[in-house]
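Notes follow once the structure below has been shown.
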Amino acid sequence: MRKWVLRITGVLLVLIIVQTVNTVRYQPDAANVAQIALPSVDEASLVRHVTEAVQFKTISTTGEMGQRGAAFQGFVDWLVQSYPKANAAMTRQMVGGFTPLYRWQGADAALAPVLLTAHYDVVPVVNADAWDQAAFSGAVVDGYVWGRGTLDDKGALVAMMEAVEALAGAGYVPPRTVYFSFGHDEEIGGPQGAGNVAAYFKEQGIQLAWSLDEGSMVLQDVIGGLDKPVASINVAEKGYVNIDITAHAEGGHSSLPPRTTAVSKLANGLTNLQSGPVPGGLTGVSKDFFDKLGPNFPLVQRVLFANQWFYRPILEMVLSKSPPTDAMLRSTKAPTMLIGSPKENVLPQQAMATVNYRIHPRDSIEGLLQHTKDMVDNDAIEVKLHDAWGAEPSPVSSADNAAFIALETTFRQVFGDIIVVPGLTVAATDTRHYGTVADDSYRINPFVFLDTDIARLHGVNERISVENLVRAVQFYTVLIDNMGK
Ligand SMILES: [Zn+2]
């Protein structure tokens, strides 16, 4: 009896000691960056330019460009008029109709070029009346510029051009060649803009060292338990596919229904599908993200992250509870559309659900098709791709090469004491095109982003603070210089 107690006490003691040592040693990376004097920014000109940019109704919808083309051409011409020094220092060609591709010759031709990108098309405004400031006004109120596209993604585009205008005006030459690609159809998949820019690079045999696009922000109060902002430099993006699940039946009049119909079969299939998530967890890019974040959490979480060998199942369970962190761990599935009978008194001959998948880099379209079949678990139910279009997840870019260090250094120089981690973009960006001609691809806009901003993206009252805009100009200015190091 005594021996037992002693043994258990001994094991517990060892566990406690090991976990304590692990936790104490689990510290954020020391951030040693040279502090620099940040460039001054012409705030009045910057704000005026963002206002003007928002006023072009460059709305992306599928179908012919037609009448909408005038707004797009207007924006492209405005870029030339508003940034004379940048336009004089760079060459420009139009790609896919309305996407300007700028090239700024660098000092060292031996260095592979870098691509900085943003898009200037925006999603439509559905409930215009709900906005506090008109959606295409670009109104400056309470220290913010308001309007569709300020956060996504005209703000970044204007900040890049402001940086080049000032640098070019001072006779600055970038250390390596920089391309700027400003896509006009990102919101509908980017086939004309980014797609053709990537095709052009391929044709010309131009391989980029790296590219930078939207895809994350500097997150403040978005991830619970962290008091510092987090710059999530996203090194990969999820893929995308829709899968149809169809149940068949006889049909007939609804006054004489059999006990099972196409609808009830489909409901069963969907319940089976939803009975468990796509397998996932703390591996690969998901692990890298939480490993870098972990040391910054309060003590209890830090103990868990520092001792993943022991607590991994608990950690994965906790992270799976909230949709944003769950989406970091695995592919997600969301039934979004349902089709049944066209009339209320007719039994449907088929009932169909469309399930939208966002594919984690460890998975594939083929694998998720199989997952769907296995989970639905009924050979009489048909499972197939919704349409020919789908995007595999991107490759995972390096988080310890010169490019990542240049980005991380720039974030620390411009934003001060923040957390920098490699992350995963759960939506889709133009980089699924650009990434095919770049050794590495990164996705983040240099804007501080609050959890209350999430609803503004593609929603009501999209706006950006003047403070964010000024810092973004400083970010791109410093980044262009850090590219050579
Ligand atoms: Zn966007």
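Order determines the names: the first chain of the structure tokens is A, the second B, and so forth; residues in each chain are numbered 1 upward, and ligands are numbered 1 upward as they are shown.
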Residues within 9 Å of His360 in chain A, only C-alpha atoms, excluding chain neighbours under 5 positions, as a list of chain:residue names |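 In the requested format, the answer is A:Glu237, A:Lys238, A:Gly239, A:Gly280, A:Ala327, A:Met328, A:Leu329, A:Arg330, A:Ser331, A:Thr332, A:Glu392, A:Pro393, A:Ser394, A:Leu424, A:Val426.
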For the contact check between chain A and ligand 1, emit one row per residue of chain A within 9 Å, containing the shortest atom pair and the distance in Å rounded to one decimal, counting only C-alpha atoms and all ligand atoms, chain then rising number order, as a tab-separated table.
```
residue	atom	partner	partner_atom_place_in_ligand_line	distance
A:Ala118	CA	ligand 1	1 (Zn)	7.7
A:His119	CA	ligand 1	1 (Zn)	6.5
A:Tyr120	CA	ligand 1	1 (Zn)	8.3
A:Asp121	CA	ligand 1	1 (Zn)	8.2
A:Val122	CA	ligand 1	1 (Zn)	7.5
A:Val123	CA	ligand 1	1 (Zn)	8.9
A:Gly149	CA	ligand 1	1 (Zn)	8.1
A:Leu151	CA	ligand 1	1 (Zn)	8.1
A:Asp152	CA	ligand 1	1 (Zn)	4.5
A:Asp153	CA	ligand 1	1 (Zn)	5.1
A:Lys154	CA	ligand 1	1 (Zn)	8.7
A:Glu186	CA	ligand 1	1 (Zn)	6.7
A:Glu187	CA	ligand 1	1 (Zn)	6.6
A:Glu214	CA	ligand 1	1 (Zn)	6.4
A:Gly215	CA	ligand 1	1 (Zn)	7.5
A:Ala428	CA	ligand 1	1 (Zn)	8.7
A:Thr429	CA	ligand 1	1 (Zn)	6.7
A:Asp430	CA	ligand 1	1 (Zn)	8.3
A:Leu457	CA	ligand 1	1 (Zn)	8.7
A:His458	CA	ligand 1	1 (Zn)	8.9
```
Grab the residues selected above and save them as a PDB file, in the first residue's frame with N, CA and C atoms.
```pdb
ATOM      1  N   ALA A 118      -2.390  44.109 -54.576  1.00  0.00           N
ATOM      2  CA  ALA A 118      -3.662  44.437 -53.914  1.00  0.00           C
ATOM      3  C   ALA A 118      -4.702  44.405 -55.021  1.00  0.00           C
ATOM      4  N   HIS A 119      -5.988  44.401 -54.636  1.00  0.00           N
ATOM      5  CA  HIS A 119      -7.013  44.460 -55.683  1.00  0.00           C
ATOM      6  C   HIS A 119      -7.911  45.658 -55.442  1.00  0.00           C
ATOM      7  N   TYR A 120      -8.472  46.191 -56.511  1.00  0.00           N
ATOM      8  CA  TYR A 120      -9.310  47.382 -56.346  1.00  0.00           C
ATOM      9  C   TYR A 120     -10.770  47.136 -56.693  1.00  0.00           C
ATOM     10  N   ASP A 121     -11.135  45.915 -57.050  1.00  0.00           N
ATOM     11  CA  ASP A 121     -12.563  45.636 -57.186  1.00  0.00           C
ATOM     12  C   ASP A 121     -13.138  45.409 -55.793  1.00  0.00           C
ATOM     13  N   VAL A 122     -14.434  45.618 -55.666  1.00  0.00           N
ATOM     14  CA  VAL A 122     -15.093  45.478 -54.361  1.00  0.00           C
ATOM     15  C   VAL A 122     -16.369  44.654 -54.532  1.00  0.00           C
ATOM     16  N   VAL A 123     -16.878  44.168 -53.407  1.00  0.00           N
ATOM     17  CA  VAL A 123     -18.156  43.435 -53.463  1.00  0.00           C
ATOM     18  C   VAL A 123     -19.297  44.452 -53.445  1.00  0.00           C
ATOM     19  N   GLY A 149     -14.427  48.925 -49.676  1.00  0.00           N
ATOM     20  CA  GLY A 149     -13.093  48.773 -50.243  1.00  0.00           C
ATOM     21  C   GLY A 149     -11.981  49.389 -49.402  1.00  0.00           C
ATOM     22  N   LEU A 151     -10.991  48.651 -46.322  1.00  0.00           N
ATOM     23  CA  LEU A 151     -10.207  47.561 -45.722  1.00  0.00           C
ATOM     24  C   LEU A 151      -9.854  46.506 -46.763  1.00  0.00           C
ATOM     25  N   ASP A 152     -10.750  46.341 -47.741  1.00  0.00           N
ATOM     26  CA  ASP A 152     -10.632  45.227 -48.688  1.00  0.00           C
ATOM     27  C   ASP A 152     -10.869  45.751 -50.099  1.00  0.00           C
ATOM     28  N   ASP A 153      -9.879  46.257 -50.816  1.00  0.00           N
ATOM     29  CA  ASP A 153      -8.471  46.188 -50.520  1.00  0.00           C
ATOM     30  C   ASP A 153      -7.806  47.445 -51.069  1.00  0.00           C
ATOM     31  N   LYS A 154      -8.646  48.513 -51.294  1.00  0.00           N
ATOM     32  CA  LYS A 154      -8.106  49.747 -51.864  1.00  0.00           C
ATOM     33  C   LYS A 154      -7.169  50.463 -50.891  1.00  0.00           C
ATOM     34  N   GLU A 186     -10.611  40.220 -58.236  1.00  0.00           N
ATOM     35  CA  GLU A 186     -10.302  39.283 -57.142  1.00  0.00           C
ATOM     36  C   GLU A 186     -11.570  38.716 -56.529  1.00  0.00           C
ATOM     37  N   GLU A 187     -12.584  39.559 -56.383  1.00  0.00           N
ATOM     38  CA  GLU A 187     -13.800  39.132 -55.678  1.00  0.00           C
ATOM     39  C   GLU A 187     -14.585  38.080 -56.458  1.00  0.00           C
ATOM     40  N   GLU A 214      -3.072  40.509 -49.714  1.00  0.00           N
ATOM     41  CA  GLU A 214      -3.973  40.519 -48.566  1.00  0.00           C
ATOM     42  C   GLU A 214      -4.122  39.082 -48.037  1.00  0.00           C
ATOM     43  N   GLY A 215      -4.861  38.918 -46.932  1.00  0.00           N
ATOM     44  CA  GLY A 215      -5.111  37.554 -46.458  1.00  0.00           C
ATOM     45  C   GLY A 215      -5.089  37.428 -44.948  1.00  0.00           C
ATOM     46  N   ALA A 428     -10.066  32.707 -49.703  1.00  0.00           N
ATOM     47  CA  ALA A 428      -9.249  32.628 -50.915  1.00  0.00           C
ATOM     48  C   ALA A 428      -8.807  34.026 -51.339  1.00  0.00           C
ATOM     49  N   THR A 429      -7.593  34.148 -51.877  1.00  0.00           N
ATOM     50  CA  THR A 429      -7.083  35.426 -52.376  1.00  0.00           C
ATOM     51  C   THR A 429      -6.543  35.236 -53.794  1.00  0.00           C
ATOM     52  N   ASP A 430      -6.153  36.352 -54.413  1.00  0.00           N
ATOM     53  CA  ASP A 430      -5.535  36.303 -55.737  1.00  0.00           C
ATOM     54  C   ASP A 430      -4.217  35.519 -55.738  1.00  0.00           C
ATOM     55  N   LEU A 457     -16.026  43.669 -43.072  1.00  0.00           N
ATOM     56  CA  LEU A 457     -15.494  43.116 -44.325  1.00  0.00           C
ATOM     57  C   LEU A 457     -16.646  42.531 -45.128  1.00  0.00           C
ATOM     58  N   HIS A 458     -16.842  43.002 -46.319  1.00  0.00           N
ATOM     59  CA  HIS A 458     -17.960  42.569 -47.172  1.00  0.00           C
ATOM     60  C   HIS A 458     -19.302  42.911 -46.523  1.00  0.00           C
TER      61      HIS A 458
END
```
Skip range 369-377 of chain A itself and residues of its chain fewer than 3 positions away, then list as a PyMOL selection string all residues within 9 Å of it, counting only C-alpha atoms.
-> chain A and resi 243+245+268-276+278+364-366+381-385
Just C-alpha atoms for this one: save the residues we selected as an mmCIF file, in the first residue's frame.
```cif
data_model
loop_
_atom_site.group_PDB
_atom_site.id
_atom_site.type_symbol
_atom_site.label_atom_id
_atom_site.label_comp_id
_atom_site.auth_asym_id
_atom_site.auth_seq_id
_atom_site.Cartn_x
_atom_site.Cartn_y
_atom_site.Cartn_z
ATOM 1 C CA ILE A 243 -19.737 18.915 -53.248
ATOM 2 C CA ILE A 245 -25.143 15.209 -52.169
ATOM 3 C CA ASN A 268 -30.164 11.297 -42.966
ATOM 4 C CA GLY A 269 -27.142 11.601 -45.215
ATOM 5 C CA LEU A 270 -26.496 15.154 -44.054
ATOM 6 C CA THR A 271 -26.885 14.203 -40.404
ATOM 7 C CA ASN A 272 -24.307 11.468 -40.938
ATOM 8 C CA LEU A 273 -21.978 13.895 -42.700
ATOM 9 C CA GLN A 274 -22.285 16.408 -39.872
ATOM 10 C CA SER A 275 -21.811 13.824 -37.135
ATOM 11 C CA GLY A 276 -18.085 14.473 -37.072
ATOM 12 C CA VAL A 278 -12.937 16.405 -41.073
ATOM 13 C CA SER A 364 -7.154 17.581 -51.174
ATOM 14 C CA ILE A 365 -10.349 17.759 -53.241
ATOM 15 C CA GLU A 366 -10.137 14.014 -53.916
ATOM 16 C CA ILE A 381 -26.978 8.662 -52.164
ATOM 17 C CA GLU A 382 -24.957 10.227 -54.930
ATOM 18 C CA VAL A 383 -21.880 12.279 -53.972
ATOM 19 C CA LYS A 384 -20.129 14.324 -56.656
ATOM 20 C CA LEU A 385 -18.412 17.637 -57.335
#
```
Find the spatial neighbours of Leu299 in chain A, counting only C-alpha atoms, within a cut-off of 12 Å - ignore same-chain residues fewer than 3 positions away - and output them as a list in words.
-> Gln19, Thr20, Thr23, Val24, Tyr26, Gln27, Gly225, Leu226, Gly294, Pro295, Asn296, Arg302, Val303, Leu304, Phe305 and Ala306 of chain A
For CA of Gly252 in chain A and CA of Ala351 in chain A, determine how far apart the two atoms are, in Å to one decimal place.
->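 Rounded to one decimal, the two atoms are 13.7 Å apart.
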Using only C-alpha atoms: which of A:Thr51, A:Ser254, A:Thr410, A:Thr431 has the shortest distance to Tyr476 in chain A = A:Thr410
To one decimal in Å, tell me the separation between CA of Asn401 in chain A and CA of Ala31 in chain A.
->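 CA of Ala31 in chain A lies at a distance of 16.1 Å from CA of Asn401 in chain A.
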Suppose you want the space between CA of Ala139 in chain A and CA of Leu38 in chain A; what is it in Å?
-> 27.4 Å
Distance query Phe290 in chain A at most 10 Å, only C-alpha atoms, self and fewer than 2 positions along chain excluded, as a PyMOL selection string = chain A and resi 282-283+285-288+292-295+305+325+328-329+421-423
Writing out the chosen residues with N, CA, C and O atoms as a compact mmCIF listing (two decimals), in the first residue's frame:
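Saved as out.txt:
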```
# COMPACT_ATOMS: atom_id res chain seq x y z
N LEU A 282 -3.27 19.62 -34.46
CA LEU A 282 -2.08 20.46 -34.36
C LEU A 282 -0.90 19.82 -35.08
O LEU A 282 0.01 19.27 -34.45
N THR A 283 -0.95 19.88 -36.41
CA THR A 283 0.20 19.43 -37.20
C THR A 283 0.42 20.45 -38.31
O THR A 283 -0.46 21.26 -38.61
N VAL A 285 1.12 23.45 -40.71
CA VAL A 285 1.01 24.90 -40.58
C VAL A 285 0.18 25.28 -39.35
O VAL A 285 0.41 26.31 -38.72
N SER A 286 -0.77 24.42 -38.96
CA SER A 286 -1.59 24.69 -37.76
C SER A 286 -0.71 24.67 -36.51
O SER A 286 -0.84 25.51 -35.62
N LYS A 287 0.19 23.69 -36.45
CA LYS A 287 1.09 23.58 -35.30
C LYS A 287 2.05 24.77 -35.24
O LYS A 287 2.26 25.35 -34.18
N ASP A 288 2.60 25.15 -36.41
CA ASP A 288 3.55 26.28 -36.44
C ASP A 288 2.90 27.55 -35.92
O ASP A 288 3.51 28.33 -35.19
N LYS A 292 4.09 29.31 -32.21
CA LYS A 292 4.64 30.68 -32.08
C LYS A 292 3.76 31.53 -31.18
O LYS A 292 4.23 32.44 -30.50
N LEU A 293 2.46 31.25 -31.21
CA LEU A 293 1.51 32.04 -30.43
C LEU A 293 1.55 31.61 -28.95
O LEU A 293 1.46 32.45 -28.05
N GLY A 294 1.73 30.31 -28.73
CA GLY A 294 1.60 29.71 -27.40
C GLY A 294 2.28 30.43 -26.26
O GLY A 294 1.65 30.69 -25.23
N PRO A 295 3.57 30.79 -26.39
CA PRO A 295 4.27 31.39 -25.27
C PRO A 295 3.69 32.73 -24.83
O PRO A 295 4.02 33.22 -23.75
N PHE A 305 0.20 24.58 -23.93
CA PHE A 305 0.97 24.65 -25.17
C PHE A 305 2.41 24.17 -24.98
O PHE A 305 3.00 23.58 -25.87
N THR A 325 -10.79 29.15 -34.46
CA THR A 325 -9.61 28.31 -34.20
C THR A 325 -9.82 26.91 -34.79
O THR A 325 -8.88 26.27 -35.23
N MET A 328 -8.57 26.75 -38.18
CA MET A 328 -7.11 26.69 -38.30
C MET A 328 -6.62 25.25 -38.24
O MET A 328 -5.52 24.94 -38.68
N LEU A 329 -7.40 24.38 -37.64
CA LEU A 329 -6.94 23.00 -37.39
C LEU A 329 -7.27 22.03 -38.51
O LEU A 329 -6.65 20.98 -38.63
N VAL A 421 3.60 35.75 -36.21
CA VAL A 421 3.49 34.29 -36.39
C VAL A 421 3.20 33.96 -37.86
O VAL A 421 2.66 34.79 -38.58
N PRO A 422 3.58 32.75 -38.30
CA PRO A 422 3.15 32.31 -39.63
C PRO A 422 1.75 31.71 -39.52
O PRO A 422 1.50 30.89 -38.64
N GLY A 423 0.83 32.15 -40.37
CA GLY A 423 -0.55 31.69 -40.24
C GLY A 423 -1.12 31.10 -41.52
O GLY A 423 -0.40 30.87 -42.50
```
Considering only C-alpha atoms, state which residue in the set A:Phe201, A:Tyr102, A:Tyr179, A:Phe404 is at the smallest distance from Lys485 in chain A.
->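 The closest residue to Lys485 in chain A is A:Phe404.
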Using backbone DSSP assignments, extract all alpha helix (DSSP H) residues from range 71-272 of chain A; output them as an mmCIF file with N, CA and C atoms, in the first residue's frame.
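Now in part_34.cif:
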```cif
data_model
loop_
_atom_site.group_PDB
_atom_site.id
_atom_site.type_symbol
_atom_site.label_atom_id
_atom_site.label_comp_id
_atom_site.auth_asym_id
_atom_site.auth_seq_id
_atom_site.Cartn_x
_atom_site.Cartn_y
_atom_site.Cartn_z
ATOM 1 N N ALA A 71 -16.021 52.648 -64.633
ATOM 2 C CA ALA A 71 -15.485 52.890 -63.291
ATOM 3 C C ALA A 71 -14.075 52.299 -63.166
ATOM 4 N N PHE A 72 -13.883 51.126 -63.757
ATOM 5 C CA PHE A 72 -12.568 50.466 -63.681
ATOM 6 C C PHE A 72 -11.530 51.275 -64.461
ATOM 7 N N GLN A 73 -11.900 51.700 -65.686
ATOM 8 C CA GLN A 73 -10.958 52.494 -66.481
ATOM 9 C C GLN A 73 -10.675 53.813 -65.761
ATOM 10 N N GLY A 74 -11.726 54.375 -65.160
ATOM 11 C CA GLY A 74 -11.554 55.624 -64.415
ATOM 12 C C GLY A 74 -10.536 55.459 -63.292
ATOM 13 N N PHE A 75 -10.612 54.340 -62.591
ATOM 14 C CA PHE A 75 -9.690 54.102 -61.475
ATOM 15 C C PHE A 75 -8.247 53.965 -61.982
ATOM 16 N N VAL A 76 -8.081 53.232 -63.090
ATOM 17 C CA VAL A 76 -6.740 53.010 -63.648
ATOM 18 C C VAL A 76 -6.127 54.349 -64.094
ATOM 19 N N ASP A 77 -6.945 55.194 -64.733
ATOM 20 C CA ASP A 77 -6.466 56.515 -65.165
ATOM 21 C C ASP A 77 -6.144 57.404 -63.963
ATOM 22 N N TRP A 78 -6.989 57.292 -62.947
ATOM 23 C CA TRP A 78 -6.783 58.072 -61.716
ATOM 24 C C TRP A 78 -5.428 57.730 -61.064
ATOM 25 N N LEU A 79 -5.066 56.431 -61.115
ATOM 26 C CA LEU A 79 -3.768 56.007 -60.562
ATOM 27 C C LEU A 79 -2.615 56.735 -61.254
ATOM 28 N N VAL A 80 -2.753 56.897 -62.570
ATOM 29 C CA VAL A 80 -1.700 57.572 -63.348
ATOM 30 C C VAL A 80 -1.639 59.060 -62.986
ATOM 31 N N GLN A 81 -2.824 59.685 -62.908
ATOM 32 C CA GLN A 81 -2.865 61.130 -62.610
ATOM 33 C C GLN A 81 -2.442 61.429 -61.168
ATOM 34 N N SER A 82 -2.811 60.569 -60.246
ATOM 35 C CA SER A 82 -2.599 60.872 -58.829
ATOM 36 C C SER A 82 -1.167 60.605 -58.365
ATOM 37 N N PRO A 84 2.145 60.845 -60.172
ATOM 38 C CA PRO A 84 2.992 61.128 -61.339
ATOM 39 C C PRO A 84 4.432 60.633 -61.165
ATOM 40 N N LYS A 85 4.992 60.769 -59.974
ATOM 41 C CA LYS A 85 6.400 60.371 -59.781
ATOM 42 C C LYS A 85 6.534 58.852 -59.797
ATOM 43 N N ALA A 86 5.584 58.175 -59.179
ATOM 44 C CA ALA A 86 5.606 56.707 -59.205
ATOM 45 C C ALA A 86 5.469 56.212 -60.640
ATOM 46 N N ASN A 87 4.560 56.825 -61.389
ATOM 47 C CA ASN A 87 4.345 56.396 -62.773
ATOM 48 C C ASN A 87 5.541 56.707 -63.658
ATOM 49 N N ALA A 88 6.302 57.771 -63.313
ATOM 50 C CA ALA A 88 7.501 58.093 -64.100
ATOM 51 C C ALA A 88 8.631 57.115 -63.782
ATOM 52 N N ALA A 89 8.688 56.645 -62.531
ATOM 53 C CA ALA A 89 9.792 55.768 -62.121
ATOM 54 C C ALA A 89 9.567 54.322 -62.553
ATOM 55 N N GLY A 155 -7.398 50.287 -49.582
ATOM 56 C CA GLY A 155 -6.541 50.935 -48.599
ATOM 57 C C GLY A 155 -5.082 50.514 -48.773
ATOM 58 N N ALA A 156 -4.864 49.222 -48.964
ATOM 59 C CA ALA A 156 -3.499 48.707 -49.143
ATOM 60 C C ALA A 156 -2.915 49.207 -50.465
ATOM 61 N N LEU A 157 -3.739 49.211 -51.500
ATOM 62 C CA LEU A 157 -3.273 49.652 -52.820
ATOM 63 C C LEU A 157 -2.785 51.106 -52.763
ATOM 64 N N VAL A 158 -3.619 51.983 -52.164
ATOM 65 C CA VAL A 158 -3.246 53.394 -52.067
ATOM 66 C C VAL A 158 -1.977 53.537 -51.216
ATOM 67 N N ALA A 159 -1.887 52.790 -50.117
ATOM 68 C CA ALA A 159 -0.698 52.881 -49.256
ATOM 69 C C ALA A 159 0.571 52.512 -50.032
ATOM 70 N N MET A 160 0.488 51.484 -50.880
ATOM 71 C CA MET A 160 1.657 51.102 -51.691
ATOM 72 C C MET A 160 2.047 52.238 -52.636
ATOM 73 N N MET A 161 1.050 52.818 -53.301
ATOM 74 C CA MET A 161 1.354 53.873 -54.265
ATOM 75 C C MET A 161 1.883 55.140 -53.574
ATOM 76 N N GLU A 162 1.358 55.454 -52.382
ATOM 77 C CA GLU A 162 1.881 56.601 -51.632
ATOM 78 C C GLU A 162 3.359 56.374 -51.297
ATOM 79 N N ALA A 163 3.687 55.135 -50.901
ATOM 80 C CA ALA A 163 5.074 54.815 -50.542
ATOM 81 C C ALA A 163 5.984 54.997 -51.756
ATOM 82 N N VAL A 164 5.554 54.474 -52.914
ATOM 83 C CA VAL A 164 6.397 54.576 -54.117
ATOM 84 C C VAL A 164 6.515 56.027 -54.563
ATOM 85 N N GLU A 165 5.397 56.773 -54.489
ATOM 86 C CA GLU A 165 5.410 58.178 -54.918
ATOM 87 C C GLU A 165 6.473 58.968 -54.130
ATOM 88 N N ALA A 166 6.484 58.763 -52.809
ATOM 89 C CA ALA A 166 7.441 59.499 -51.976
ATOM 90 C C ALA A 166 8.872 59.032 -52.238
ATOM 91 N N LEU A 167 9.056 57.711 -52.337
ATOM 92 C CA LEU A 167 10.403 57.174 -52.563
ATOM 93 C C LEU A 167 10.934 57.621 -53.932
ATOM 94 N N ALA A 168 10.096 57.461 -54.964
ATOM 95 C CA ALA A 168 10.527 57.825 -56.320
ATOM 96 C C ALA A 168 10.821 59.320 -56.394
ATOM 97 N N GLY A 169 9.993 60.118 -55.691
ATOM 98 C CA GLY A 169 10.194 61.568 -55.675
ATOM 99 C C GLY A 169 11.534 61.942 -55.068
ATOM 100 N N GLY A 193 -7.500 39.176 -64.094
ATOM 101 C CA GLY A 193 -6.402 39.987 -63.572
ATOM 102 C C GLY A 193 -5.224 39.133 -63.126
ATOM 103 N N ALA A 194 -5.299 38.634 -61.888
ATOM 104 C CA ALA A 194 -4.185 37.863 -61.324
ATOM 105 C C ALA A 194 -3.856 36.644 -62.192
ATOM 106 N N GLY A 195 -4.885 36.010 -62.743
ATOM 107 C CA GLY A 195 -4.661 34.827 -63.578
ATOM 108 C C GLY A 195 -3.764 35.143 -64.763
ATOM 109 N N ASN A 196 -4.064 36.264 -65.436
ATOM 110 C CA ASN A 196 -3.258 36.630 -66.603
ATOM 111 C C ASN A 196 -1.894 37.208 -66.229
ATOM 112 N N VAL A 197 -1.798 37.843 -65.065
ATOM 113 C CA VAL A 197 -0.487 38.315 -64.612
ATOM 114 C C VAL A 197 0.433 37.112 -64.378
ATOM 115 N N ALA A 198 -0.112 36.085 -63.730
ATOM 116 C CA ALA A 198 0.691 34.875 -63.492
ATOM 117 C C ALA A 198 1.084 34.238 -64.826
ATOM 118 N N ALA A 199 0.148 34.213 -65.779
ATOM 119 C CA ALA A 199 0.448 33.644 -67.105
ATOM 120 C C ALA A 199 1.552 34.447 -67.795
ATOM 121 N N TYR A 200 1.495 35.765 -67.649
ATOM 122 C CA TYR A 200 2.518 36.630 -68.245
ATOM 123 C C TYR A 200 3.903 36.316 -67.655
ATOM 124 N N PHE A 201 3.990 36.203 -66.332
ATOM 125 C CA PHE A 201 5.281 35.891 -65.701
ATOM 126 C C PHE A 201 5.809 34.550 -66.203
ATOM 127 N N LYS A 202 4.909 33.588 -66.330
ATOM 128 C CA LYS A 202 5.307 32.263 -66.791
ATOM 129 C C LYS A 202 5.884 32.337 -68.205
ATOM 130 N N GLU A 203 5.136 33.014 -69.072
ATOM 131 C CA GLU A 203 5.547 33.206 -70.483
ATOM 132 C C GLU A 203 6.937 33.826 -70.570
ATOM 133 N N GLN A 204 7.174 34.829 -69.733
ATOM 134 C CA GLN A 204 8.431 35.581 -69.773
ATOM 135 C C GLN A 204 9.543 34.856 -69.018
ATOM 136 N N ALA A 262 -37.141 11.336 -50.816
ATOM 137 C CA ALA A 262 -35.807 11.851 -51.172
ATOM 138 C C ALA A 262 -35.313 12.812 -50.100
ATOM 139 N N VAL A 263 -36.249 13.605 -49.565
ATOM 140 C CA VAL A 263 -35.861 14.602 -48.560
ATOM 141 C C VAL A 263 -35.393 13.933 -47.273
ATOM 142 N N SER A 264 -36.123 12.912 -46.828
ATOM 143 C CA SER A 264 -35.708 12.284 -45.565
ATOM 144 C C SER A 264 -34.400 11.513 -45.735
ATOM 145 N N LYS A 265 -34.224 10.908 -46.936
ATOM 146 C CA LYS A 265 -32.929 10.233 -47.193
ATOM 147 C C LYS A 265 -31.786 11.236 -47.153
ATOM 148 N N LEU A 266 -32.013 12.380 -47.803
ATOM 149 C CA LEU A 266 -30.970 13.411 -47.821
ATOM 150 C C LEU A 266 -30.686 13.900 -46.401
ATOM 151 N N ALA A 267 -31.756 14.112 -45.632
ATOM 152 C CA ALA A 267 -31.583 14.590 -44.252
ATOM 153 C C ALA A 267 -30.718 13.615 -43.457
ATOM 154 N N ASN A 268 -30.982 12.304 -43.648
ATOM 155 C CA ASN A 268 -30.164 11.297 -42.966
ATOM 156 C C ASN A 268 -28.709 11.394 -43.381
ATOM 157 N N GLY A 269 -28.504 11.515 -44.699
ATOM 158 C CA GLY A 269 -27.142 11.601 -45.215
ATOM 159 C C GLY A 269 -26.415 12.806 -44.638
ATOM 160 N N LEU A 270 -27.112 13.927 -44.585
ATOM 161 C CA LEU A 270 -26.496 15.154 -44.054
ATOM 162 C C LEU A 270 -26.203 15.026 -42.569
ATOM 163 N N THR A 271 -27.118 14.406 -41.840
ATOM 164 C CA THR A 271 -26.885 14.203 -40.404
ATOM 165 C C THR A 271 -25.638 13.348 -40.199
ATOM 166 N N ASN A 272 -25.519 12.295 -41.021
ATOM 167 C CA ASN A 272 -24.307 11.468 -40.938
ATOM 168 C C ASN A 272 -23.060 12.291 -41.237
#
```
Give me the residues within 8 Å of Ile480 in chain A as a list of chain:residue names, counting only C-alpha atoms and dropping any in the same chain fewer than 4 places off.
->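 Final neighbour list, sorted by chain and number: A:Pro174, A:Pro175, A:Tyr476, A:Gly484.
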